[in-house]
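Chemist: Sharing a structure here in structure tokens format.
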Amino acid sequence: MSTLDIAADPCEHLREAYQTARRAGASRHRDIAAQLGVSEGELIAAHVNASPRLHGLRARRLRPEWPRVIAALEPVGPVMALTRNASCVHEKTGTYRHISANGPAGREMGLALGGDIDLRVFYSRWAHGFAVDESRDKGVQRSLQFFDASGTAVHKVFVKPATDLAAWDRLVVDFEDAEGAPGLEPTAPQVPAAQKPDADIDVAAFHHAWASMRDTHEFFGLLRTHGVTRTQALRLAEPRFVRPVDAACAQQVLSGAASTGTPIMVFVGNPGMIQIHTGPVNKVVVMGPWLNVLDPGFNLHLREDHIASAWLVRKPTSDGLVTSLELFDAQGETIAMLFGERKPGRPELCAWRELIDGLVGDRADFEESPCLP
């Protein structure tokens, strides 16, 4: 193809640039897209109906029936679910079960409560989806990849050795948009609303609302009601409920959970998805800036150098206080949240409370409540 032809066909240009990057050793789509100055979604969309033999990657566009697509995953059996943000990658292997969605079409909120695959889904942020087949050294890697309107990845699902490939193929055929054309026109990323000045916040009312919570899920409504961002809320909260801690504490907490066998919950998300691990962690490894959990069925990859602030947070519930470690980047965006494993109707584990309390020096006026031995 001539230079003129490539300029006239940006998708072909991206396909050729992708191949060049792969031959140079790059493997992650996100990194290749960044090198090329496009979104990851644009890179994948350029390969719609491409030739796997010529281009090494083929994408098939899916119809935007996202709740139905996710519900159809249960018959395919074990897969790997991946959710990430700019600073953290959360990977869980399991089967999508107990799938539900509620709300008006296009604005549904969904759940997957299958144990290993535990998701909170915000479908209003989903815009593009693809079935992707990519040639790799060990064979063809098959996945479903979902993106927001800006082309930023929201969620991915990867075939594993135990996946039912016939069921996977049926899902792709059932939801493929046969008229889908290559290419994606990204919109500008959504910009968070400007933070209100502290002086405009009724701090006394905010404190009363915090102390009156009876469920951790009420916290999101509390933020909306009082017009505060999450980090602003933590900064304005009473010291008996919130303390800033060292930004480097994530390694201490994960390593402590591994050494004591304390089961935990790890929440990682983006505007379209929250993915949760519940259970123990065992192998905690630092590789350069990455803090990793490398366990069968659960991998976590966290950029420690992206953590700009960390907070120890306690929220009142009908079962007592629930304690979390919350990590944020320099823009105030949530990187990850860690809790002790807890079932509704039961207090949180004393082992988790002791582990997390070790991050706080002076606990004289820090709120306490009973915990579960």
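How things are named: the first chain in the structure tokens is A, the next is B, and so on; residues count from 1 in each chain; ligands count from 1 in the order shown.
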Just the helix (DSSP H, G or I) stuff from stretch 132-174 of chain A, please, per backbone DSSP, written as a PyMOL selection string.
Modeler: chain A and resi 165-174
Chemist: Skipping near chain neighbours, those fewer than 5 positions away, what residues fall within 8 Å of stretch 133-144 of chain A using only C-alpha atoms, listed as JSON, numbers by chain?
Modeler: {"A": [52, 56, 57, 58, 59, 156, 157, 158, 159]}
Chemist: Atom CA of A:Ala105 and atom CA of A:Asp148 are how many Å apart?
Modeler: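 Those two atoms sit 16.4 Å apart.
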Chemist: For stretch 162-208 of chain A versus stretch 236-251 of chain A, which residues have an atom no more than 10 Å away, and what is each residue's nearest atom pair and distance in Å rounded to one decimal, using only C-alpha atoms, chain-then-number order, as a Markdown table?
Modeler:
```
| residue | atom | partner | partner_atom | distance |
| --- | --- | --- | --- | --- |
| A:Asp198 | CA | A:Leu236 | CA | 8.2 |
| A:Ile201 | CA | A:Leu236 | CA | 9.3 |
| A:Val203 | CA | A:Leu236 | CA | 7.2 |
| A:Ala204 | CA | A:Ala237 | CA | 9.8 |
| A:Phe206 | CA | A:Ala237 | CA | 8.0 |
| A:His207 | CA | A:Ala237 | CA | 6.5 |
| A:His208 | CA | A:Glu238 | CA | 9.9 |
```
Chemist: Please identify which residues in stretch 41-186 of chain A DSSP calls strand (DSSP E or B) from the backbone, and express them as a PDB file with N, CA and C atoms, in the first residue's frame.
Modeler:
```pdb
ATOM      1  N   VAL A  48     -11.329  -4.430  13.098  1.00  0.00           N
ATOM      2  CA  VAL A  48     -12.607  -5.066  12.785  1.00  0.00           C
ATOM      3  C   VAL A  48     -12.540  -5.629  11.364  1.00  0.00           C
ATOM      4  N   LEU A  57      -4.235  -9.891  14.274  1.00  0.00           N
ATOM      5  CA  LEU A  57      -5.321  -9.583  15.198  1.00  0.00           C
ATOM      6  C   LEU A  57      -6.587  -9.344  14.388  1.00  0.00           C
ATOM      7  N   ARG A  58      -7.674  -9.916  14.869  1.00  0.00           N
ATOM      8  CA  ARG A  58      -8.976  -9.703  14.242  1.00  0.00           C
ATOM      9  C   ARG A  58      -9.983  -9.358  15.320  1.00  0.00           C
ATOM     10  N   ALA A  59     -10.768  -8.325  15.079  1.00  0.00           N
ATOM     11  CA  ALA A  59     -11.833  -7.930  16.005  1.00  0.00           C
ATOM     12  C   ALA A  59     -13.167  -8.025  15.297  1.00  0.00           C
ATOM     13  N   ARG A  60     -14.178  -8.428  16.027  1.00  0.00           N
ATOM     14  CA  ARG A  60     -15.552  -8.423  15.524  1.00  0.00           C
ATOM     15  C   ARG A  60     -16.381  -7.534  16.457  1.00  0.00           C
ATOM     16  N   ARG A  61     -17.042  -6.572  15.881  1.00  0.00           N
ATOM     17  CA  ARG A  61     -17.819  -5.642  16.692  1.00  0.00           C
ATOM     18  C   ARG A  61     -19.068  -6.337  17.241  1.00  0.00           C
ATOM     19  N   LEU A  62     -19.377  -6.048  18.502  1.00  0.00           N
ATOM     20  CA  LEU A  62     -20.564  -6.600  19.140  1.00  0.00           C
ATOM     21  C   LEU A  62     -21.675  -5.556  19.197  1.00  0.00           C
ATOM     22  N   VAL A  79     -13.355 -18.287  32.942  1.00  0.00           N
ATOM     23  CA  VAL A  79     -12.660 -17.297  32.125  1.00  0.00           C
ATOM     24  C   VAL A  79     -11.883 -16.395  33.073  1.00  0.00           C
ATOM     25  N   MET A  80     -11.096 -15.499  32.505  1.00  0.00           N
ATOM     26  CA  MET A  80     -10.414 -14.498  33.333  1.00  0.00           C
ATOM     27  C   MET A  80     -11.051 -13.135  33.075  1.00  0.00           C
ATOM     28  N   ALA A  81     -11.534 -12.503  34.168  1.00  0.00           N
ATOM     29  CA  ALA A  81     -12.129 -11.171  34.096  1.00  0.00           C
ATOM     30  C   ALA A  81     -11.066 -10.153  34.486  1.00  0.00           C
ATOM     31  N   LEU A  82     -10.944  -9.099  33.687  1.00  0.00           N
ATOM     32  CA  LEU A  82      -9.930  -8.074  33.936  1.00  0.00           C
ATOM     33  C   LEU A  82     -10.590  -6.696  33.961  1.00  0.00           C
ATOM     34  N   THR A  83     -10.361  -5.986  35.038  1.00  0.00           N
ATOM     35  CA  THR A  83     -10.799  -4.598  35.166  1.00  0.00           C
ATOM     36  C   THR A  83      -9.608  -3.781  35.626  1.00  0.00           C
ATOM     37  N   ARG A  84      -9.445  -2.586  35.058  1.00  0.00           N
ATOM     38  CA  ARG A  84      -8.288  -1.778  35.407  1.00  0.00           C
ATOM     39  C   ARG A  84      -8.639  -0.306  35.376  1.00  0.00           C
ATOM     40  N   CYS A  88      -3.944   0.526  38.311  1.00  0.00           N
ATOM     41  CA  CYS A  88      -4.117  -0.790  38.929  1.00  0.00           C
ATOM     42  C   CYS A  88      -4.875  -1.720  38.001  1.00  0.00           C
ATOM     43  N   VAL A  89      -4.420  -2.984  37.948  1.00  0.00           N
ATOM     44  CA  VAL A  89      -5.049  -4.025  37.145  1.00  0.00           C
ATOM     45  C   VAL A  89      -5.498  -5.144  38.077  1.00  0.00           C
ATOM     46  N   HIS A  90      -6.756  -5.584  37.929  1.00  0.00           N
ATOM     47  CA  HIS A  90      -7.368  -6.591  38.797  1.00  0.00           C
ATOM     48  C   HIS A  90      -7.828  -7.739  37.904  1.00  0.00           C
ATOM     49  N   GLU A  91      -7.297  -8.952  38.133  1.00  0.00           N
ATOM     50  CA  GLU A  91      -7.601 -10.109  37.293  1.00  0.00           C
ATOM     51  C   GLU A  91      -8.137 -11.240  38.160  1.00  0.00           C
ATOM     52  N   LYS A  92      -9.312 -11.752  37.806  1.00  0.00           N
ATOM     53  CA  LYS A  92      -9.924 -12.857  38.545  1.00  0.00           C
ATOM     54  C   LYS A  92     -10.359 -13.944  37.575  1.00  0.00           C
ATOM     55  N   THR A  93     -10.079 -15.195  37.940  1.00  0.00           N
ATOM     56  CA  THR A  93     -10.513 -16.334  37.143  1.00  0.00           C
ATOM     57  C   THR A  93     -11.707 -16.988  37.819  1.00  0.00           C
ATOM     58  N   GLY A  94     -12.745 -17.244  37.044  1.00  0.00           N
ATOM     59  CA  GLY A  94     -13.944 -17.875  37.571  1.00  0.00           C
ATOM     60  C   GLY A  94     -15.038 -17.860  36.519  1.00  0.00           C
ATOM     61  N   ILE A  99     -26.059 -13.199  37.344  1.00  0.00           N
ATOM     62  CA  ILE A  99     -25.974 -11.928  36.624  1.00  0.00           C
ATOM     63  C   ILE A  99     -27.337 -11.238  36.652  1.00  0.00           C
ATOM     64  N   SER A 100     -27.337  -9.953  36.938  1.00  0.00           N
ATOM     65  CA  SER A 100     -28.585  -9.197  36.913  1.00  0.00           C
ATOM     66  C   SER A 100     -28.298  -7.770  36.472  1.00  0.00           C
ATOM     67  N   ALA A 101     -29.343  -7.083  36.033  1.00  0.00           N
ATOM     68  CA  ALA A 101     -29.232  -5.679  35.648  1.00  0.00           C
ATOM     69  C   ALA A 101     -30.580  -5.019  35.873  1.00  0.00           C
ATOM     70  N   ASN A 102     -30.549  -3.790  36.373  1.00  0.00           N
ATOM     71  CA  ASN A 102     -31.765  -3.041  36.641  1.00  0.00           C
ATOM     72  C   ASN A 102     -31.593  -1.607  36.181  1.00  0.00           C
ATOM     73  N   MET A 109     -27.696  -0.669  35.787  1.00  0.00           N
ATOM     74  CA  MET A 109     -26.634  -1.024  36.732  1.00  0.00           C
ATOM     75  C   MET A 109     -26.710  -2.533  36.922  1.00  0.00           C
ATOM     76  N   GLY A 110     -25.564  -3.182  36.817  1.00  0.00           N
ATOM     77  CA  GLY A 110     -25.551  -4.636  36.826  1.00  0.00           C
ATOM     78  C   GLY A 110     -24.744  -5.217  37.962  1.00  0.00           C
ATOM     79  N   LEU A 111     -24.988  -6.501  38.226  1.00  0.00           N
ATOM     80  CA  LEU A 111     -24.274  -7.247  39.250  1.00  0.00           C
ATOM     81  C   LEU A 111     -23.862  -8.598  38.688  1.00  0.00           C
ATOM     82  N   ALA A 112     -22.713  -9.084  39.123  1.00  0.00           N
ATOM     83  CA  ALA A 112     -22.319 -10.483  38.962  1.00  0.00           C
ATOM     84  C   ALA A 112     -21.889 -10.937  40.348  1.00  0.00           C
ATOM     85  N   LEU A 113     -22.576 -11.937  40.883  1.00  0.00           N
ATOM     86  CA  LEU A 113     -22.357 -12.340  42.276  1.00  0.00           C
ATOM     87  C   LEU A 113     -22.015 -13.815  42.347  1.00  0.00           C
ATOM     88  N   ASP A 118     -16.984 -11.214  40.901  1.00  0.00           N
ATOM     89  CA  ASP A 118     -17.831 -10.340  41.714  1.00  0.00           C
ATOM     90  C   ASP A 118     -17.714  -8.929  41.135  1.00  0.00           C
ATOM     91  N   LEU A 119     -18.794  -8.450  40.492  1.00  0.00           N
ATOM     92  CA  LEU A 119     -18.736  -7.208  39.727  1.00  0.00           C
ATOM     93  C   LEU A 119     -19.894  -6.282  40.074  1.00  0.00           C
ATOM     94  N   ARG A 120     -19.621  -4.974  39.962  1.00  0.00           N
ATOM     95  CA  ARG A 120     -20.656  -3.942  39.984  1.00  0.00           C
ATOM     96  C   ARG A 120     -20.495  -3.182  38.664  1.00  0.00           C
ATOM     97  N   VAL A 121     -21.527  -3.202  37.829  1.00  0.00           N
ATOM     98  CA  VAL A 121     -21.395  -2.750  36.446  1.00  0.00           C
ATOM     99  C   VAL A 121     -22.251  -1.500  36.226  1.00  0.00           C
ATOM    100  N   PHE A 122     -21.676  -0.502  35.558  1.00  0.00           N
ATOM    101  CA  PHE A 122     -22.360   0.751  35.254  1.00  0.00           C
ATOM    102  C   PHE A 122     -22.414   0.875  33.726  1.00  0.00           C
ATOM    103  N   HIS A 128     -18.584   0.602  23.364  1.00  0.00           N
ATOM    104  CA  HIS A 128     -18.087  -0.252  22.275  1.00  0.00           C
ATOM    105  C   HIS A 128     -17.664  -1.602  22.850  1.00  0.00           C
ATOM    106  N   GLY A 129     -17.930  -2.650  22.093  1.00  0.00           N
ATOM    107  CA  GLY A 129     -17.496  -3.980  22.500  1.00  0.00           C
ATOM    108  C   GLY A 129     -17.032  -4.783  21.306  1.00  0.00           C
ATOM    109  N   PHE A 130     -16.032  -5.645  21.525  1.00  0.00           N
ATOM    110  CA  PHE A 130     -15.439  -6.420  20.438  1.00  0.00           C
ATOM    111  C   PHE A 130     -15.095  -7.826  20.921  1.00  0.00           C
ATOM    112  N   ALA A 131     -15.240  -8.789  20.040  1.00  0.00           N
ATOM    113  CA  ALA A 131     -14.634 -10.103  20.227  1.00  0.00           C
ATOM    114  C   ALA A 131     -13.301 -10.070  19.491  1.00  0.00           C
ATOM    115  N   VAL A 132     -12.233 -10.394  20.203  1.00  0.00           N
ATOM    116  CA  VAL A 132     -10.877 -10.213  19.666  1.00  0.00           C
ATOM    117  C   VAL A 132     -10.149 -11.547  19.642  1.00  0.00           C
ATOM    118  N   ASP A 133      -9.574 -11.876  18.504  1.00  0.00           N
ATOM    119  CA  ASP A 133      -8.684 -13.028  18.364  1.00  0.00           C
ATOM    120  C   ASP A 133      -7.311 -12.498  17.966  1.00  0.00           C
ATOM    121  N   GLU A 134      -6.297 -12.841  18.769  1.00  0.00           N
ATOM    122  CA  GLU A 134      -4.958 -12.313  18.514  1.00  0.00           C
ATOM    123  C   GLU A 134      -3.927 -13.425  18.526  1.00  0.00           C
ATOM    124  N   SER A 135      -3.077 -13.451  17.508  1.00  0.00           N
ATOM    125  CA  SER A 135      -2.013 -14.443  17.433  1.00  0.00           C
ATOM    126  C   SER A 135      -0.927 -14.102  18.449  1.00  0.00           C
ATOM    127  N   ARG A 136      -0.610 -15.069  19.287  1.00  0.00           N
ATOM    128  CA  ARG A 136       0.448 -14.931  20.286  1.00  0.00           C
ATOM    129  C   ARG A 136       1.435 -16.078  20.127  1.00  0.00           C
ATOM    130  N   GLY A 139      -0.128 -19.389  20.846  1.00  0.00           N
ATOM    131  CA  GLY A 139      -1.391 -19.669  20.187  1.00  0.00           C
ATOM    132  C   GLY A 139      -2.249 -18.420  20.091  1.00  0.00           C
ATOM    133  N   VAL A 140      -3.533 -18.623  19.824  1.00  0.00           N
ATOM    134  CA  VAL A 140      -4.459 -17.511  19.666  1.00  0.00           C
ATOM    135  C   VAL A 140      -5.068 -17.152  21.015  1.00  0.00           C
ATOM    136  N   GLN A 141      -4.950 -15.891  21.374  1.00  0.00           N
ATOM    137  CA  GLN A 141      -5.581 -15.382  22.596  1.00  0.00           C
ATOM    138  C   GLN A 141      -6.942 -14.810  22.214  1.00  0.00           C
ATOM    139  N   ARG A 142      -7.990 -15.282  22.890  1.00  0.00           N
ATOM    140  CA  ARG A 142      -9.350 -14.876  22.557  1.00  0.00           C
ATOM    141  C   ARG A 142      -9.934 -14.092  23.731  1.00  0.00           C
ATOM    142  N   SER A 143     -10.632 -13.015  23.407  1.00  0.00           N
ATOM    143  CA  SER A 143     -11.153 -12.160  24.461  1.00  0.00           C
ATOM    144  C   SER A 143     -12.378 -11.393  24.001  1.00  0.00           C
ATOM    145  N   LEU A 144     -13.128 -10.885  24.965  1.00  0.00           N
ATOM    146  CA  LEU A 144     -14.130  -9.858  24.749  1.00  0.00           C
ATOM    147  C   LEU A 144     -13.595  -8.593  25.394  1.00  0.00           C
ATOM    148  N   GLN A 145     -13.669  -7.464  24.689  1.00  0.00           N
ATOM    149  CA  GLN A 145     -13.116  -6.221  25.202  1.00  0.00           C
ATOM    150  C   GLN A 145     -14.143  -5.103  25.054  1.00  0.00           C
ATOM    151  N   PHE A 146     -14.357  -4.368  26.144  1.00  0.00           N
ATOM    152  CA  PHE A 146     -15.386  -3.342  26.196  1.00  0.00           C
ATOM    153  C   PHE A 146     -14.748  -1.989  26.535  1.00  0.00           C
ATOM    154  N   PHE A 147     -15.239  -0.942  25.873  1.00  0.00           N
ATOM    155  CA  PHE A 147     -14.636   0.382  25.995  1.00  0.00           C
ATOM    156  C   PHE A 147     -15.713   1.438  26.192  1.00  0.00           C
ATOM    157  N   ALA A 153     -10.522   1.364  28.009  1.00  0.00           N
ATOM    158  CA  ALA A 153     -11.022   0.040  28.379  1.00  0.00           C
ATOM    159  C   ALA A 153     -11.816   0.103  29.680  1.00  0.00           C
ATOM    160  N   VAL A 154     -12.959  -0.573  29.680  1.00  0.00           N
ATOM    161  CA  VAL A 154     -13.818  -0.678  30.857  1.00  0.00           C
ATOM    162  C   VAL A 154     -13.687  -2.061  31.484  1.00  0.00           C
ATOM    163  N   HIS A 155     -13.696  -3.112  30.630  1.00  0.00           N
ATOM    164  CA  HIS A 155     -13.686  -4.485  31.138  1.00  0.00           C
ATOM    165  C   HIS A 155     -13.255  -5.406  30.011  1.00  0.00           C
ATOM    166  N   LYS A 156     -12.566  -6.510  30.377  1.00  0.00           N
ATOM    167  CA  LYS A 156     -12.160  -7.502  29.394  1.00  0.00           C
ATOM    168  C   LYS A 156     -12.393  -8.895  29.971  1.00  0.00           C
ATOM    169  N   VAL A 157     -12.652  -9.844  29.073  1.00  0.00           N
ATOM    170  CA  VAL A 157     -12.882 -11.240  29.450  1.00  0.00           C
ATOM    171  C   VAL A 157     -12.008 -12.106  28.547  1.00  0.00           C
ATOM    172  N   PHE A 158     -11.179 -12.974  29.151  1.00  0.00           N
ATOM    173  CA  PHE A 158     -10.227 -13.772  28.383  1.00  0.00           C
ATOM    174  C   PHE A 158     -10.527 -15.265  28.515  1.00  0.00           C
ATOM    175  N   VAL A 159     -10.400 -15.967  27.405  1.00  0.00           N
ATOM    176  CA  VAL A 159     -10.526 -17.420  27.400  1.00  0.00           C
ATOM    177  C   VAL A 159      -9.396 -18.041  28.225  1.00  0.00           C
ATOM    178  N   GLU A 176     -22.618 -10.701  17.497  1.00  0.00           N
ATOM    179  CA  GLU A 176     -21.814  -9.958  16.532  1.00  0.00           C
ATOM    180  C   GLU A 176     -22.684  -9.003  15.718  1.00  0.00           C
TER     181      GLU A 176
END
```
Chemist: At what distance in Å, to one decimal, does atom CA of A:Arg63 lie from atom CA of A:Arg28?
Modeler: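 Separating atom CA of A:Arg28 from atom CA of A:Arg63 is a distance of 25.0 Å.
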Chemist: So that I can check the surroundings of stretch 339-351 of chain A, please list as a list of chain:residue names every protein, DNA and RNA residue that reaches within 8 Å of it, counting only C-alpha atoms and ignoring chain neighbours fewer than 6 positions away.
Modeler: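 Once the nearby chain positions are removed, what remains is A:Thr262, A:Pro263, A:Ile264, A:Met265, A:Val266, A:Thr278, A:Gly279, A:Ser318, A:Asp319, A:Gly320, A:Leu321, A:Val322, A:Thr323, A:Ser324, A:Leu325, A:Pro370, A:Cys371, A:Leu372, A:Pro373.
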Chemist: Give me a file of those residues, with N, CA and C atoms, as an mmCIF file, in the first residue's frame.
Modeler:
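File produced: out.cif:
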```cif
data_model
loop_
_atom_site.group_PDB
_atom_site.id
_atom_site.type_symbol
_atom_site.label_atom_id
_atom_site.label_comp_id
_atom_site.auth_asym_id
_atom_site.auth_seq_id
_atom_site.Cartn_x
_atom_site.Cartn_y
_atom_site.Cartn_z
ATOM 1 N N THR A 262 -4.962 -13.403 56.802
ATOM 2 C CA THR A 262 -6.198 -12.643 56.965
ATOM 3 C C THR A 262 -6.891 -12.470 55.623
ATOM 4 N N PRO A 263 -8.122 -12.957 55.467
ATOM 5 C CA PRO A 263 -8.824 -12.772 54.197
ATOM 6 C C PRO A 263 -9.267 -11.322 54.032
ATOM 7 N N ILE A 264 -9.149 -10.834 52.819
ATOM 8 C CA ILE A 264 -9.445 -9.425 52.561
ATOM 9 C C ILE A 264 -10.343 -9.290 51.343
ATOM 10 N N MET A 265 -10.766 -8.056 51.088
ATOM 11 C CA MET A 265 -11.507 -7.702 49.881
ATOM 12 C C MET A 265 -10.726 -6.601 49.182
ATOM 13 N N VAL A 266 -10.518 -6.756 47.874
ATOM 14 C CA VAL A 266 -9.783 -5.774 47.087
ATOM 15 C C VAL A 266 -10.702 -5.279 45.967
ATOM 16 N N THR A 278 -12.412 -11.396 46.943
ATOM 17 C CA THR A 278 -12.661 -11.688 48.351
ATOM 18 C C THR A 278 -11.963 -12.991 48.704
ATOM 19 N N GLY A 279 -11.105 -12.934 49.723
ATOM 20 C CA GLY A 279 -10.406 -14.130 50.152
ATOM 21 C C GLY A 279 -8.972 -13.815 50.550
ATOM 22 N N SER A 318 -24.855 -0.987 60.625
ATOM 23 C CA SER A 318 -25.662 -1.647 61.656
ATOM 24 C C SER A 318 -24.910 -2.802 62.297
ATOM 25 N N ASP A 319 -23.799 -3.243 61.683
ATOM 26 C CA ASP A 319 -22.973 -4.324 62.227
ATOM 27 C C ASP A 319 -21.725 -3.809 62.932
ATOM 28 N N GLY A 320 -21.607 -2.491 63.091
ATOM 29 C CA GLY A 320 -20.407 -1.902 63.671
ATOM 30 C C GLY A 320 -19.604 -1.173 62.607
ATOM 31 N N LEU A 321 -18.461 -0.678 62.985
ATOM 32 C CA LEU A 321 -17.623 0.068 62.045
ATOM 33 C C LEU A 321 -17.001 -0.869 61.008
ATOM 34 N N VAL A 322 -16.919 -0.381 59.766
ATOM 35 C CA VAL A 322 -16.247 -1.106 58.682
ATOM 36 C C VAL A 322 -15.051 -0.266 58.251
ATOM 37 N N THR A 323 -13.874 -0.879 58.263
ATOM 38 C CA THR A 323 -12.622 -0.169 58.044
ATOM 39 C C THR A 323 -12.066 -0.479 56.657
ATOM 40 N N SER A 324 -11.597 0.541 55.972
ATOM 41 C CA SER A 324 -10.993 0.356 54.651
ATOM 42 C C SER A 324 -9.712 1.158 54.538
ATOM 43 N N LEU A 325 -8.829 0.689 53.665
ATOM 44 C CA LEU A 325 -7.669 1.453 53.231
ATOM 45 C C LEU A 325 -7.968 1.903 51.808
ATOM 46 N N PRO A 370 -16.791 -3.129 68.364
ATOM 47 C CA PRO A 370 -16.469 -4.547 68.449
ATOM 48 C C PRO A 370 -16.120 -5.129 67.078
ATOM 49 N N CYS A 371 -15.291 -6.172 67.091
ATOM 50 C CA CYS A 371 -14.925 -6.869 65.857
ATOM 51 C C CYS A 371 -15.068 -8.373 66.075
ATOM 52 N N LEU A 372 -14.904 -9.140 65.000
ATOM 53 C CA LEU A 372 -15.134 -10.585 65.051
ATOM 54 C C LEU A 372 -13.799 -11.306 65.226
ATOM 55 N N PRO A 373 -13.630 -12.045 66.331
ATOM 56 C CA PRO A 373 -12.358 -12.751 66.561
ATOM 57 C C PRO A 373 -12.099 -13.803 65.473
#
```
Chemist: Rank nothing, just name the residue among A:Phe328, A:Trp210, A:Trp352, A:Trp126 nearest to A:Arg230, using only C-alpha atoms.
Modeler: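 Of all the options, A:Phe328 lies closest to A:Arg230.
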Chemist: Between A:Ile335, A:Leu165, A:Val69, A:Val191, which is the closest to A:Asn270 once you count only C-alpha atoms?
Modeler: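 Selected residue with least distance to A:Asn270: A:Ile335.
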Chemist: Go ahead and compute the interatomic distance for atom CA of A:Val360 and atom CA of A:Arg314, in Å to one decimal.
Modeler: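 Rounded to one decimal, the two atoms are 12.7 Å apart.
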Chemist: Between A:Lys315, A:Asp202, A:Thr187, A:Glu367, which one has atoms that come closest to A:Asp215, using only C-alpha atoms?
Modeler: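 Using only C-alpha atoms, the shortest distance to A:Asp215 belongs to A:Lys315.
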Chemist: Between A:Leu234, A:Thr334, A:Val286, A:Glu108, which is the closest to A:His306 once you count only C-alpha atoms?
Modeler: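 Looking only at the distances to A:His306, the closest residue turns out to be A:Thr334.
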Chemist: Find the spatial neighbours of A:Glu42, counting only C-alpha atoms, within a cut-off of 9 Å - ignore same-chain residues fewer than 6 positions away - and output them as a PyMOL selection string.
Modeler: chain A and resi 11+14+33+150-151+183-186
